[in-house]
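Containing TSV, C-alpha atoms: entry.tsv.
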chain	number	residue	atom	x	y	z
A	13	MET	CA	-20.57	35.02	4.68
A	14	ALA	CA	-21.28	32.64	7.54
A	15	ILE	CA	-18.04	30.98	8.60
A	16	ARG	CA	-18.62	28.79	11.68
A	17	THR	CA	-21.62	30.91	12.66
A	18	VAL	CA	-24.67	29.73	14.64
A	19	LEU	CA	-28.04	31.38	13.98
A	20	LEU	CA	-30.56	30.56	16.73
A	21	ASP	CA	-34.31	31.14	16.45
A	22	ARG	CA	-35.42	31.59	20.05
A	23	LYS	CA	-39.11	31.17	19.18
A	24	THR	CA	-38.75	27.79	17.48
A	25	ASN	CA	-35.54	26.68	19.27
A	26	ILE	CA	-34.09	25.76	15.90
A	27	ALA	CA	-30.44	26.53	15.23
A	28	GLU	CA	-28.65	26.84	11.91
A	29	TYR	CA	-24.88	26.40	11.73
A	30	GLY	CA	-23.24	27.93	8.67
A	31	VAL	CA	-19.78	27.15	7.35
A	32	GLY	CA	-17.90	28.69	4.48
A	33	GLY	CA	-14.59	30.06	3.33
A	34	GLY	CA	-12.94	32.81	1.39
A	35	ILE	CA	-12.08	31.99	-2.23
A	36	VAL	CA	-8.93	33.65	-3.59
A	37	TRP	CA	-7.06	33.42	-6.91
A	38	ASP	CA	-5.01	30.33	-5.94
A	39	SER	CA	-7.77	28.42	-4.15
A	40	VAL	CA	-8.26	24.75	-5.02
A	41	ASP	CA	-11.88	23.60	-5.16
A	42	HIS	CA	-11.55	20.27	-3.34
A	43	THR	CA	-9.36	21.66	-0.54
A	44	GLU	CA	-11.84	24.48	0.08
A	45	PHE	CA	-14.64	21.92	0.22
A	46	ASP	CA	-12.62	19.75	2.65
A	47	GLU	CA	-12.13	22.84	4.82
A	48	CYS	CA	-15.89	23.27	5.08
A	49	TYR	CA	-16.21	19.68	6.25
A	50	THR	CA	-13.52	20.29	8.84
A	51	LYS	CA	-15.34	23.35	10.17
A	52	ALA	CA	-18.55	21.33	10.42
A	53	LYS	CA	-16.99	18.50	12.44
A	54	VAL	CA	-18.05	20.22	15.65
A	55	LEU	CA	-21.61	19.09	14.86
A	56	THR	CA	-20.73	15.41	14.65
A	57	HIS	CA	-18.02	15.08	17.31
A	58	ILE	CA	-20.44	14.56	20.19
A	59	HIS	CA	-19.14	12.60	23.17
A	60	PRO	CA	-20.58	11.50	26.53
A	61	PRO	CA	-19.58	13.30	29.74
A	62	PHE	CA	-16.07	12.41	30.86
A	63	ASP	CA	-13.63	13.03	33.70
A	64	LEU	CA	-10.01	14.02	33.34
A	65	LEU	CA	-7.73	11.27	34.59
A	66	GLU	CA	-4.25	10.85	35.99
A	67	THR	CA	-2.67	7.55	37.01
A	68	MET	CA	0.56	7.59	38.98
A	69	LEU	CA	2.80	5.51	41.21
A	70	TRP	CA	3.54	6.01	44.90
A	71	ASN	CA	6.36	4.08	46.49
A	72	PRO	CA	8.31	4.47	49.75
A	73	THR	CA	11.46	5.57	47.89
A	74	ASP	CA	10.12	8.27	45.53
A	75	GLY	CA	6.77	9.16	47.05
A	76	TYR	CA	4.50	10.20	44.17
A	77	PHE	CA	6.64	9.49	41.12
A	78	LEU	CA	6.79	12.45	38.68
A	79	LEU	CA	4.05	14.23	40.66
A	80	ASP	CA	4.80	17.71	39.27
A	81	ARG	CA	4.49	16.42	35.71
A	82	HIS	CA	1.19	14.71	36.45
A	83	LEU	CA	-0.20	17.86	38.06
A	84	GLN	CA	0.92	19.99	35.11
A	85	ARG	CA	-0.61	17.62	32.56
A	86	LEU	CA	-3.88	17.60	34.50
A	87	ALA	CA	-3.83	21.40	34.72
A	88	ASN	CA	-3.19	21.68	30.97
A	89	SER	CA	-6.14	19.42	30.13
A	90	ALA	CA	-8.36	21.22	32.66
A	91	ALA	CA	-7.57	24.53	30.98
A	92	TYR	CA	-8.21	23.05	27.51
A	93	PHE	CA	-11.63	21.64	28.44
A	94	ALA	CA	-12.50	24.53	30.83
A	95	TYR	CA	-12.72	22.25	33.91
A	96	PRO	CA	-12.19	24.09	37.22
A	97	PHE	CA	-9.14	22.65	38.98
A	98	ASP	CA	-7.96	23.44	42.51
A	99	ILE	CA	-4.42	22.10	42.35
A	100	GLY	CA	-3.79	22.93	46.02
A	101	ALA	CA	-6.80	20.87	47.13
A	102	LEU	CA	-5.51	17.88	45.18
A	103	GLN	CA	-2.02	18.23	46.64
A	104	ASN	CA	-3.52	18.25	50.15
A	105	GLN	CA	-5.56	15.12	49.42
A	106	LEU	CA	-2.51	13.31	48.08
A	107	LEU	CA	-0.41	14.32	51.08
A	108	LYS	CA	-3.01	13.06	53.58
A	109	LEU	CA	-3.54	9.84	51.65
A	110	SER	CA	0.17	9.01	51.45
A	111	GLY	CA	0.40	8.93	55.25
A	112	ARG	CA	-1.52	5.63	55.19
A	113	PHE	CA	0.72	3.87	52.66
A	114	GLU	CA	3.29	1.21	53.56
A	115	SER	CA	3.83	-0.41	50.15
A	116	ALA	CA	3.72	0.63	46.50
A	117	GLN	CA	0.36	2.02	45.37
A	118	LYS	CA	-1.26	2.78	42.02
A	119	ILE	CA	-3.01	6.16	42.37
A	120	ARG	CA	-5.94	7.20	40.20
A	121	VAL	CA	-7.06	10.86	40.18
A	122	LEU	CA	-10.35	11.90	38.58
A	123	LEU	CA	-11.36	15.51	37.90
A	124	SER	CA	-15.02	16.01	36.96
A	125	GLN	CA	-16.49	18.77	34.81
A	126	ASN	CA	-17.65	20.65	37.93
A	127	GLY	CA	-14.17	20.49	39.49
A	128	HIS	CA	-14.84	17.63	41.94
A	129	ILE	CA	-11.70	15.61	42.68
A	130	THR	CA	-11.70	11.89	43.44
A	131	VAL	CA	-8.54	10.04	44.49
A	132	GLU	CA	-8.39	6.24	44.50
A	133	ASN	CA	-5.55	3.87	45.39
A	134	ALA	CA	-4.77	0.18	45.09
A	135	ASN	CA	-1.78	-2.01	45.97
A	136	PHE	CA	0.65	-2.27	43.07
A	137	ALA	CA	3.17	-4.92	42.09
A	138	GLN	CA	4.94	-5.31	38.76
A	139	PRO	CA	3.38	-8.16	36.74
A	140	VAL	CA	5.66	-11.19	36.47
A	141	THR	CA	4.72	-12.17	32.90
A	142	PRO	CA	5.25	-9.69	30.03
A	143	PRO	CA	1.93	-8.71	28.43
A	144	ARG	CA	1.04	-10.25	25.08
A	145	ILE	CA	0.37	-7.51	22.53
A	146	CYS	CA	-0.29	-7.27	18.81
A	147	LEU	CA	-0.81	-4.64	16.13
A	148	ALA	CA	-4.27	-3.05	16.08
A	149	LYS	CA	-6.61	-4.19	13.30
A	150	THR	CA	-7.56	-0.65	12.23
A	151	PRO	CA	-5.90	2.79	12.47
A	152	VAL	CA	-6.71	5.63	14.85
A	153	ASP	CA	-7.51	9.14	13.66
A	154	SER	CA	-4.58	11.40	14.55
A	155	THR	CA	-6.96	14.39	14.78
A	156	ASP	CA	-8.95	12.77	17.62
A	157	LEU	CA	-8.36	15.18	20.51
A	158	PHE	CA	-8.94	12.45	23.10
A	159	LEU	CA	-5.70	10.81	22.02
A	160	TYR	CA	-3.85	13.86	23.35
A	161	HIS	CA	-5.56	14.04	26.77
A	162	LYS	CA	-5.91	11.40	29.49
A	163	THR	CA	-9.62	11.06	30.20
A	164	THR	CA	-12.26	8.46	31.04
A	165	ASN	CA	-13.49	8.71	27.43
A	166	ARG	CA	-11.53	5.66	26.30
A	167	SER	CA	-13.83	4.50	23.51
A	168	THR	CA	-11.07	4.45	20.89
A	169	TYR	CA	-8.75	2.38	23.09
A	170	GLN	CA	-11.55	0.00	24.07
A	171	GLN	CA	-12.53	-0.48	20.44
A	172	LYS	CA	-8.98	-1.28	19.31
A	173	LEU	CA	-8.42	-3.72	22.18
A	174	GLY	CA	-11.81	-5.32	21.58
A	175	GLU	CA	-10.81	-6.03	17.98
A	176	CYS	CA	-7.93	-8.19	19.27
A	177	PRO	CA	-9.38	-10.75	21.72
A	178	GLY	CA	-6.86	-12.74	23.71
A	179	PHE	CA	-4.28	-9.96	23.91
A	180	ASP	CA	-3.41	-7.77	26.90
A	181	ASP	CA	-2.74	-4.65	24.84
A	182	VAL	CA	-2.40	-3.47	21.24
A	183	VAL	CA	0.03	-1.26	19.33
A	184	LEU	CA	-1.89	1.61	17.73
A	185	TYR	CA	-1.06	3.34	14.46
A	186	ASN	CA	-2.59	6.30	12.63
A	187	GLU	CA	-4.08	6.81	9.17
A	188	LYS	CA	-0.55	7.32	7.74
A	189	GLY	CA	0.70	3.99	9.03
A	190	GLU	CA	2.74	5.65	11.80
A	191	VAL	CA	2.91	3.86	15.15
A	192	THR	CA	1.51	5.99	17.97
A	193	GLU	CA	1.20	4.24	21.38
A	194	SER	CA	-0.56	1.34	23.10
A	195	THR	CA	-3.86	1.63	24.94
A	196	ILE	CA	-2.06	2.27	28.26
A	197	ALA	CA	1.52	3.24	27.45
A	198	ASN	CA	3.90	5.06	25.16
A	199	VAL	CA	6.01	3.08	22.70
A	200	LEU	CA	9.78	2.67	22.32
A	201	ILE	CA	11.71	0.78	19.69
A	202	GLU	CA	15.43	0.12	19.59
A	203	LYS	CA	16.98	1.02	16.26
A	204	ASN	CA	20.63	1.76	15.39
A	205	ASN	CA	21.52	1.61	19.10
A	206	GLU	CA	18.97	4.31	19.94
A	207	LEU	CA	15.62	4.20	21.73
A	208	LEU	CA	13.00	5.98	19.61
A	209	THR	CA	9.48	7.15	20.46
A	210	PRO	CA	6.90	8.68	18.08
A	211	PRO	CA	6.39	12.48	18.11
A	212	LEU	CA	3.14	13.78	19.59
A	213	SER	CA	1.93	14.93	16.18
A	214	CYS	CA	1.32	11.29	15.23
A	215	GLY	CA	-1.60	11.22	17.69
A	216	LEU	CA	-0.65	10.11	21.19
A	217	LEU	CA	-0.74	11.03	24.84
A	218	VAL	CA	1.86	13.31	26.41
A	219	GLY	CA	3.24	10.59	28.69
A	220	THR	CA	4.89	11.91	31.84
A	221	TYR	CA	7.60	9.24	31.88
A	222	ARG	CA	8.10	9.71	28.14
A	223	GLU	CA	8.71	13.44	28.70
A	224	PHE	CA	11.06	12.68	31.59
A	225	LEU	CA	13.15	10.32	29.45
A	226	LEU	CA	13.23	12.82	26.58
A	227	GLU	CA	14.53	15.56	28.88
A	228	GLN	CA	17.15	13.12	30.23
A	229	LYS	CA	18.13	12.48	26.57
A	230	LYS	CA	17.72	8.75	27.11
A	231	ILE	CA	15.26	8.48	24.23
A	232	LYS	CA	14.67	10.43	21.00
A	233	GLU	CA	11.59	11.39	19.01
A	234	SER	CA	11.27	9.93	15.53
A	235	PRO	CA	8.35	8.77	13.39
A	236	ILE	CA	8.01	4.97	13.57
A	237	THR	CA	6.36	3.06	10.76
A	238	ILE	CA	4.76	-0.36	11.04
A	239	ASN	CA	7.74	-1.76	9.09
A	240	ASP	CA	10.09	-0.19	11.66
A	241	THR	CA	8.26	-2.18	14.31
A	242	TYR	CA	8.83	-5.41	12.38
A	243	ASN	CA	12.52	-4.65	11.88
A	244	SER	CA	13.45	-3.12	15.25
A	245	ASN	CA	16.04	-4.66	17.59
A	246	GLY	CA	13.72	-4.27	20.56
A	247	PHE	CA	10.22	-3.13	21.44
A	248	PHE	CA	9.16	-1.71	24.80
A	249	LEU	CA	6.28	0.10	26.47
A	250	ILE	CA	6.66	2.89	29.02
A	251	ASN	CA	4.42	4.67	31.49
A	252	SER	CA	4.93	6.32	34.86
A	253	VAL	CA	3.51	3.38	36.83
A	254	ARG	CA	5.37	0.46	35.27
A	255	LYS	CA	8.19	2.60	33.82
A	256	MET	CA	9.95	0.74	30.97
A	257	TYR	CA	8.82	-2.85	30.54
A	258	PRO	CA	9.24	-5.61	27.96
A	259	VAL	CA	6.34	-7.14	26.06
A	260	THR	CA	5.70	-10.20	23.95
A	261	LEU	CA	4.91	-8.61	20.59
A	262	ILE	CA	3.10	-10.92	18.20
A	263	LEU	CA	3.07	-9.53	14.65

What would you get if you wrote out this structure as structure tokens?
Amino acid sequence: MAIRTVLLDRKTNIAEYGVGGGIVWDSVDHTEFDECYTKAKVLTHIHPPFDLLETMLWNPTDGYFLLDRHLQRLANSAAYFAYPFDIGALQNQLLKLSGRFESAQKIRVLLSQNGHITVENANFAQPVTPPRICLAKTPVDSTDLFLYHKTTNRSTYQQKLGECPGFDDVVLYNEKGEVTESTIANVLIEKNNELLTPPLSCGLLVGTYREFLLEQKKIKESPITINDTYNSNGFFLINSVRKMYPVTLIL
């Protein structure tokens, strides 16, 4: 039986992709059929070329903030997508670049499919006015792998933000109604005197500052529903550039 098997005719250049499954005594017909659809998703999940991406802060006090975590996240994504990554070459580039800095900088690192590294920088200052954000109009798919990796393939984020004109950012939620993140940051709510952030399984990026705060036991993982957002005592966004910052949440 062909289970995720490609049959290629080299004379006609026509390929056939077969999916299937093993039926046992306790199999359920509709779940087996759903499994076949899942195995066939590889044929429809086609995406344009993309770079892996890291965005970080440099300042005179800390240097590259959470650098080791950013490098590890980039290495993990490079291994997942089979992108060659010379971590030593990137460290050398960052070291040379930092010698020119006098004030806080926002650093953008791009890793292409062939392993080419591009490093960009721009002056950074914390915005004075809290961003205006709202709840996304439609849910994200928690199985979308690009929610779990930081890349230049930001079509989902662009779509959700485009559905909410006039806002600086949007709060995303998945098909179960669980809050996930914003388009540029992880989410925190204050509830029962605790700061809570959604678990990764809801469909969100492994934020470096989020992981830092979890290890410091300053925040806790907990599923957050849309109703929790309405009823929370506080709502915040976090990332490694702006750290923890307030927002004007319009529900």

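One distance worth recording is that between atom CA of Phe247 of chain A and atom CA of Val140 of chain A, which is 17.7 Å.
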
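Atom CA of Tyr160 of chain A sits 20.1 Å away from atom CA of Leu147 of chain A.
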
List as a list in words the protein and nucleic acid residues near segment 101-110 of chain A, meaning an atom at most 8 Å away when only C-alpha atoms are counted, but skip any in the same chain fewer than 5 places from it.
Trp70, Gly75, Ile129 and Val131 of chain A

Which residue gives the smallest distance to Asn186 of chain A among A:Leu200, A:Ser154, A:Thr164, A:Asn205, with all atoms listed in the file counted?
A:Ser154

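We find atom CA of Arg85 of chain A and atom CA of Val121 of chain A to be spaced 12.1 Å apart.
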
Would you kindly return, as a PyMOL selection string, each protein, DNA or RNA residue with an atom no farther than 9 Å from any atom of Glu202 of chain A, considering only C-alpha atoms and excluding same-chain residues fewer than 2 positions away?
chain A and resi 200+204-208+244-248

Give me the residues within 12 Å of Gly178 of chain A as a PyMOL selection string, counting all atoms listed in the file and dropping any in the same chain fewer than 5 places off.
chain A and resi 143-146+173+262

Export, as a PDB file, keeping the file's coordinate frame, the selected residues with C-alpha atoms.
ATOM      1  CA  PRO A 143       1.930  -8.710  28.430  1.00  0.00           C
ATOM      2  CA  ARG A 144       1.040 -10.250  25.080  1.00  0.00           C
ATOM      3  CA  ILE A 145       0.370  -7.510  22.530  1.00  0.00           C
ATOM      4  CA  CYS A 146      -0.290  -7.270  18.810  1.00  0.00           C
ATOM      5  CA  LEU A 173      -8.420  -3.720  22.180  1.00  0.00           C
ATOM      6  CA  ILE A 262       3.100 -10.920  18.200  1.00  0.00           C
TER       7      ILE A 262
END

Minimum-distance residue to Leu64 of chain A, chosen among A:Thr130, A:Asp80, A:Gly30, A:Asp21 (using only C-alpha atoms)
A:Thr130

For Leu123 of chain A, which residue out of A:Pro142, A:Pro235, A:Pro96, A:Gly174 is the nearest one, using only C-alpha atoms?
A:Pro96

Each residue of segment 93-166 of chain A lying at most 10 Å from segment 215-233 of chain A should get a row with its shortest atom-to-atom pair and the distance in Å to one decimal, counting only C-alpha atoms; could you produce that, ordered by chain and increasing number, as a tab-separated table?
residue	atom	partner	partner_atom	distance
A:Val152	CA	A:Gly215	CA	8.1
A:Asp153	CA	A:Gly215	CA	7.4
A:Ser154	CA	A:Gly215	CA	4.3
A:Thr155	CA	A:Gly215	CA	6.9
A:Asp156	CA	A:Gly215	CA	7.5
A:Leu157	CA	A:Gly215	CA	8.3
A:Phe158	CA	A:Leu217	CA	8.5
A:Leu159	CA	A:Leu216	CA	5.2
A:Tyr160	CA	A:Leu217	CA	4.5
A:His161	CA	A:Leu217	CA	6.0
A:Lys162	CA	A:Leu217	CA	7.0

Wanna dump the segment 94-151 of chain A-segment 252-257 of chain A contacts at 10 Å for me, each residue with its shortest atom pair and the distance in Å to one decimal, counting only C-alpha atoms, ordered by chain and number, as a tab-separated table?
residue	atom	partner	partner_atom	distance
A:Gln117	CA	A:Val253	CA	9.2
A:Lys118	CA	A:Val253	CA	7.1
A:Ile119	CA	A:Val253	CA	9.0
A:Phe136	CA	A:Val253	CA	8.9
A:Ala137	CA	A:Arg254	CA	9.0
A:Gln138	CA	A:Arg254	CA	6.8
A:Pro139	CA	A:Arg254	CA	9.0
A:Pro142	CA	A:Tyr257	CA	7.7
A:Pro143	CA	A:Tyr257	CA	9.3

Just checking: using only C-alpha atoms, which residue out of A:Leu83, A:Leu122, A:Ile26, A:Val36 ends up closest to Thr163 of chain A?
A:Leu122

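Within 8 Å of Asn165 of chain A, once all atoms listed in the file are used and residues closer than 3 positions along the same chain are dropped, the contacting residues are Pro60, Pro61, Phe62, Asp63 and Phe158 of chain A.
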
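The nearest approach to Ile250 of chain A among the residues A:Asp180, A:Leu65, A:Thr209, A:Thr24, with all atoms listed in the file taken into account, belongs to A:Thr209.
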